[in-house]
Amino acid sequence: MAAAASGATRAVLVGVDFGKDPSFDATLDELALLAVSAGDEPVARIVARRKAPDAALFVGSGKADEIKAAVLATEAQGVIFDQALSPAQQRNLERHLGVSVSDRTGVILDIFAERAQSHEGKLQVELARLQYLATRLVRRWSHLERQTGGFGQRGGPGEAQIELDRRMIGQRIKSVATRLEKVKRQRGTQRKARERRGTFRISLVGYTNAGKSTLFNALVKARAFAADQLFATLDTTTRALWLADAGVSVSLSDTVGFIRDLPHKLVEAFQATLQEAADADLLLHVVDACSPQLHEQIAEVERVLDEIGAADVPQVVVYNKLDLLEDSRRPRESVGWMERTDGRRVRRVFVSARDGSGLGELRDVLAAEVRERLNAAPSSPSGSVDPRGISPHTEHSPLSLAHPHA
């Protein structure tokens, strides 16, 4: 997309309600936040209702004309759809509208590409973007129709540019995937080392912008980047957290946030990072207590946890942003119990990572979770050393990973 004078790209947002998705966002508020996070400026919002996607234009010719009118009226330079578009639909819409067209997946990938800082994170984003781009090579660009002569990287005799591009992308995908596999093995070695040291591992998970990084900073006095925006942090950060009541130091990791319709290829690419959650002994599921879609967001996080093999990891649900809740919505008690969507009972705590409310209670809950696992574990043989590095005065053996209320 061409940039506006202010530096931001003016974009029309489009959402299509097919009547089958209960989490459909008729306000397009989340798409607007994604657009802003990607550096765009939403200038108009259009919602369509259809029984099924139009094969050619996704929205049909009539609604496409309405979108084009909005583009002209607002002098927009692009259009962003809240649903995934096929390569052919994207190409047809660009020709019909006369501006660049992107979908939710493309915007998320753009944000990830901008925010990734570590070598591993950049590799993961590059792999996901290449896999996404490979599906877009369907004569979308006119230069792809030219024939190219020569050999090697420049193509064989009569090889079409689209075939050359596809071959080069395929080679790059293999190269990046190989490098990521090496990183994955290195992570596996690091995890085994942590297991030998006996470190109890806690991972923060949750919907993007729920306040995970702010809570992480508040608990361990770290300086991890935190901002009121989607996907503020992508790379995993781990620090030690001392729990005095349990007499043990645990490792606390801040992981990438989840979001509705997170591209499957992105989940696959970030498998090495997300493995932190799957390998954790306990998950702190951070929820934005002020969000009007908090139940849908909780369900989406549970879905992704299931996809990465972390559904059975014990949880504590942390309702964050207590300071922003109206008095009528505040809980009578900051600590209690709740049922997950799968029927399991878990502890829940209301906190404000910003002003510190409830953090003492959260530490008490974490200490209780650790003590319960110590009490559930069989006693250590006399004189043995606890491999999890628990304080010498304890008589318990390695922490059991079984949830006491599962």
# chains A, B, ... in the order shown; residues from 1 in each chain; ligands from 1
>>> residues_around(residues="A:Ala32", least_positions_apart="4", cutoff="8 Å", atoms="only C-alpha atoms", output="JSON, numbers by chain")
{"A": [13, 28, 36, 42]}
>>> residues_around(residues="stretch 97-111 of chain A", least_positions_apart="4", cutoff="6 Å", atoms="only C-alpha atoms", output="list in words")
Met1, Ala38, Lys68, Gln77, Gly78, Val79, Ile80, Phe81, Asp82, Gln83, Ala84, Leu93 and Pro263 of chain A
>>> write_last_selection(atoms="C-alpha atoms", output="PDB file, in the first residue's frame")
ATOM      1  CA  MET A   1       0.000   0.000   0.000  1.00  0.00           C
ATOM      2  CA  ALA A  38       0.437  -2.497  11.492  1.00  0.00           C
ATOM      3  CA  LYS A  68     -15.058   1.018  -3.973  1.00  0.00           C
ATOM      4  CA  GLN A  77      -5.031   3.554  -0.248  1.00  0.00           C
ATOM      5  CA  GLY A  78      -6.015   0.044   0.813  1.00  0.00           C
ATOM      6  CA  VAL A  79      -8.745  -2.305   2.014  1.00  0.00           C
ATOM      7  CA  ILE A  80      -8.394  -4.830   4.848  1.00  0.00           C
ATOM      8  CA  PHE A  81     -10.749  -7.802   5.229  1.00  0.00           C
ATOM      9  CA  ASP A  82     -11.392  -9.386   8.628  1.00  0.00           C
ATOM     10  CA  GLN A  83     -11.513 -12.869   7.070  1.00  0.00           C
ATOM     11  CA  ALA A  84      -8.962 -14.840   5.073  1.00  0.00           C
ATOM     12  CA  LEU A  93     -10.663  -7.399  -5.484  1.00  0.00           C
ATOM     13  CA  PRO A 263      -3.007 -18.104  11.190  1.00  0.00           C
TER      14      PRO A 263
END
>>> closest_residue(among="A:Thr341, A:Ser291, A:Thr27, A:Thr74", to="A:Leu322", atoms="only C-alpha atoms")
A:Ser291
>>> atom_distance(atom1="atom CA of A:Glu307", atom2="atom CA of A:Ala116")
22.3 Å
>>> atom_distance(atom1="atom CA of A:Arg136", atom2="atom CA of A:Ala55")
15.8 Å
>>> residues_around(residues="stretch 123-135 of chain A", least_positions_apart="3", cutoff="7 Å", atoms="only C-alpha atoms", output="list in words")
Pro87, Leu109, Phe112, Ala113, His119, Glu120, Arg166, Ile169, Ile173, Val176, Ala177, Leu180, Lys265, Leu266, Ala269 and Phe270 of chain A
>>> closest_residue(among="A:Val317, A:Ala11, A:Leu243, A:Val304", to="A:Leu262", atoms="only C-alpha atoms")
A:Val304
>>> select_by_dssp(residues="stretch 13-53 of chain A", states="strand (DSSP E or B)", output="PDB file with N, CA and C atoms, in the first residue's frame")
ATOM      1  N   LEU A  13     -11.928  -0.846   6.329  1.00  0.00           N
ATOM      2  CA  LEU A  13     -12.048  -2.147   6.974  1.00  0.00           C
ATOM      3  C   LEU A  13     -13.344  -2.823   6.542  1.00  0.00           C
ATOM      4  N   VAL A  14     -13.270  -4.125   6.257  1.00  0.00           N
ATOM      5  CA  VAL A  14     -14.443  -4.866   5.794  1.00  0.00           C
ATOM      6  C   VAL A  14     -14.575  -6.166   6.580  1.00  0.00           C
ATOM      7  N   GLY A  15     -15.767  -6.429   7.085  1.00  0.00           N
ATOM      8  CA  GLY A  15     -16.057  -7.692   7.760  1.00  0.00           C
ATOM      9  C   GLY A  15     -17.287  -8.328   7.156  1.00  0.00           C
ATOM     10  N   VAL A  16     -17.293  -9.649   7.023  1.00  0.00           N
ATOM     11  CA  VAL A  16     -18.411 -10.358   6.421  1.00  0.00           C
ATOM     12  C   VAL A  16     -18.978 -11.348   7.426  1.00  0.00           C
ATOM     13  N   ASP A  17     -20.256 -11.201   7.755  1.00  0.00           N
ATOM     14  CA  ASP A  17     -20.942 -12.078   8.703  1.00  0.00           C
ATOM     15  C   ASP A  17     -21.672 -13.162   7.922  1.00  0.00           C
ATOM     16  N   ASP A  40      -1.476   1.282   9.899  1.00  0.00           N
ATOM     17  CA  ASP A  40      -2.531   1.797   9.031  1.00  0.00           C
ATOM     18  C   ASP A  40      -3.474   2.721   9.802  1.00  0.00           C
ATOM     19  N   GLU A  41      -4.226   3.497   9.069  1.00  0.00           N
ATOM     20  CA  GLU A  41      -5.214   4.403   9.660  1.00  0.00           C
ATOM     21  C   GLU A  41      -6.605   4.038   9.130  1.00  0.00           C
ATOM     22  N   PRO A  42      -7.433   3.376   9.948  1.00  0.00           N
ATOM     23  CA  PRO A  42      -8.788   3.027   9.507  1.00  0.00           C
ATOM     24  C   PRO A  42      -9.609   4.291   9.259  1.00  0.00           C
ATOM     25  N   VAL A  43     -10.203   4.398   8.073  1.00  0.00           N
ATOM     26  CA  VAL A  43     -10.983   5.596   7.734  1.00  0.00           C
ATOM     27  C   VAL A  43     -12.449   5.272   7.460  1.00  0.00           C
ATOM     28  N   ALA A  44     -12.794   3.990   7.351  1.00  0.00           N
ATOM     29  CA  ALA A  44     -14.185   3.594   7.137  1.00  0.00           C
ATOM     30  C   ALA A  44     -14.335   2.113   7.479  1.00  0.00           C
ATOM     31  N   ARG A  45     -15.548   1.738   7.885  1.00  0.00           N
ATOM     32  CA  ARG A  45     -15.828   0.340   8.224  1.00  0.00           C
ATOM     33  C   ARG A  45     -17.096  -0.098   7.498  1.00  0.00           C
ATOM     34  N   ILE A  46     -17.032  -1.260   6.881  1.00  0.00           N
ATOM     35  CA  ILE A  46     -18.180  -1.791   6.138  1.00  0.00           C
ATOM     36  C   ILE A  46     -18.411  -3.237   6.572  1.00  0.00           C
ATOM     37  N   VAL A  47     -19.657  -3.562   6.930  1.00  0.00           N
ATOM     38  CA  VAL A  47     -20.021  -4.923   7.321  1.00  0.00           C
ATOM     39  C   VAL A  47     -21.003  -5.486   6.307  1.00  0.00           C
ATOM     40  N   ALA A  48     -20.713  -6.671   5.806  1.00  0.00           N
ATOM     41  CA  ALA A  48     -21.597  -7.339   4.848  1.00  0.00           C
ATOM     42  C   ALA A  48     -22.164  -8.601   5.482  1.00  0.00           C
ATOM     43  N   ARG A  49     -23.304  -9.045   4.978  1.00  0.00           N
ATOM     44  CA  ARG A  49     -23.919 -10.291   5.448  1.00  0.00           C
ATOM     45  C   ARG A  49     -24.235 -11.172   4.248  1.00  0.00           C
TER      46      ARG A  49
END
>>> closest_residue(among="A:Val183, A:Val318, A:Ala310, A:Met168", to="A:Tyr207", atoms="only C-alpha atoms")
A:Val318
>>> atom_distance(atom1="atom CA of A:Arg115", atom2="atom CA of A:Asp254")
15.1 Å
>>> select_by_dssp(residues="stretch 18-78 of chain A", states="alpha helix (DSSP H)", output="list in words")
Asp29, Glu30, Leu31, Ala32, Leu33, Leu34, Ala35, Val36, Ser37, Ser61, Gly62, Lys63, Ala64, Asp65, Glu66, Ile67, Lys68, Ala69, Ala70, Val71, Leu72, Ala73 and Thr74 of chain A
>>> closest_residue(among="A:Ser328, A:Arg373, A:Asn217, A:Val205", to="A:Glu302", atoms="only C-alpha atoms")
A:Val205
>>> closest_residue(among="A:Arg330, A:Arg167, A:Arg345, A:Lys321", to="A:Leu359", atoms="only C-alpha atoms")
A:Lys321
>>> residues_around(residues="A:Ala311", least_positions_apart="2", cutoff="10 Å", atoms="only C-alpha atoms", output="JSON, numbers by chain")
{"A": [277, 278, 283, 301, 302, 303, 304, 305, 306, 307, 308, 309, 313, 314, 315, 342]}
>>> residues_around(residues="A:Gly39", least_positions_apart="4", cutoff="7 Å", atoms="only C-alpha atoms", output="ChimeraX atom specification")
/A:8-9,35
>>> decode(residues="stretch 28-69 of chain A", atoms="C-alpha atoms", output="short mmCIF file (atom, residue, chain, number, x, y, z; two decimals), in the first residue's frame")
data_model
loop_
_atom_site.label_atom_id
_atom_site.label_comp_id
_atom_site.auth_asym_id
_atom_site.auth_seq_id
_atom_site.Cartn_x
_atom_site.Cartn_y
_atom_site.Cartn_z
CA LEU A 28 -14.58 -4.44 13.59
CA ASP A 29 -12.86 -2.97 16.66
CA GLU A 30 -10.25 -5.71 16.87
CA LEU A 31 -9.46 -5.43 13.15
CA ALA A 32 -9.06 -1.68 13.67
CA LEU A 33 -6.54 -2.33 16.49
CA LEU A 34 -4.68 -4.75 14.22
CA ALA A 35 -4.62 -2.17 11.44
CA VAL A 36 -3.27 0.54 13.76
CA SER A 37 -0.65 -1.88 15.10
CA ALA A 38 0.44 -2.50 11.49
CA GLY A 39 0.77 1.24 10.85
CA ASP A 40 -2.53 1.80 9.03
CA GLU A 41 -5.21 4.40 9.66
CA PRO A 42 -8.79 3.03 9.51
CA VAL A 43 -10.98 5.60 7.73
CA ALA A 44 -14.18 3.59 7.14
CA ARG A 45 -15.83 0.34 8.22
CA ILE A 46 -18.18 -1.79 6.14
CA VAL A 47 -20.02 -4.92 7.32
CA ALA A 48 -21.60 -7.34 4.85
CA ARG A 49 -23.92 -10.29 5.45
CA ARG A 50 -23.90 -13.33 3.21
CA LYS A 51 -24.78 -17.02 3.40
CA ALA A 52 -21.50 -18.00 1.73
CA PRO A 53 -18.43 -16.27 0.27
CA ASP A 54 -18.60 -15.17 -3.35
CA ALA A 55 -16.09 -17.25 -5.32
CA ALA A 56 -14.74 -14.29 -7.27
CA LEU A 57 -15.00 -11.22 -5.00
CA PHE A 58 -15.77 -12.77 -1.58
CA VAL A 59 -18.46 -10.12 -0.96
CA GLY A 60 -20.25 -10.11 -4.33
CA SER A 61 -20.21 -7.39 -6.98
CA GLY A 62 -22.79 -5.13 -5.31
CA LYS A 63 -20.94 -4.92 -1.99
CA ALA A 64 -17.63 -4.62 -3.87
CA ASP A 65 -19.04 -1.49 -5.60
CA GLU A 66 -20.01 -0.11 -2.16
CA ILE A 67 -16.47 -0.70 -0.90
CA LYS A 68 -15.06 1.02 -3.97
CA ALA A 69 -17.29 4.04 -3.33
#
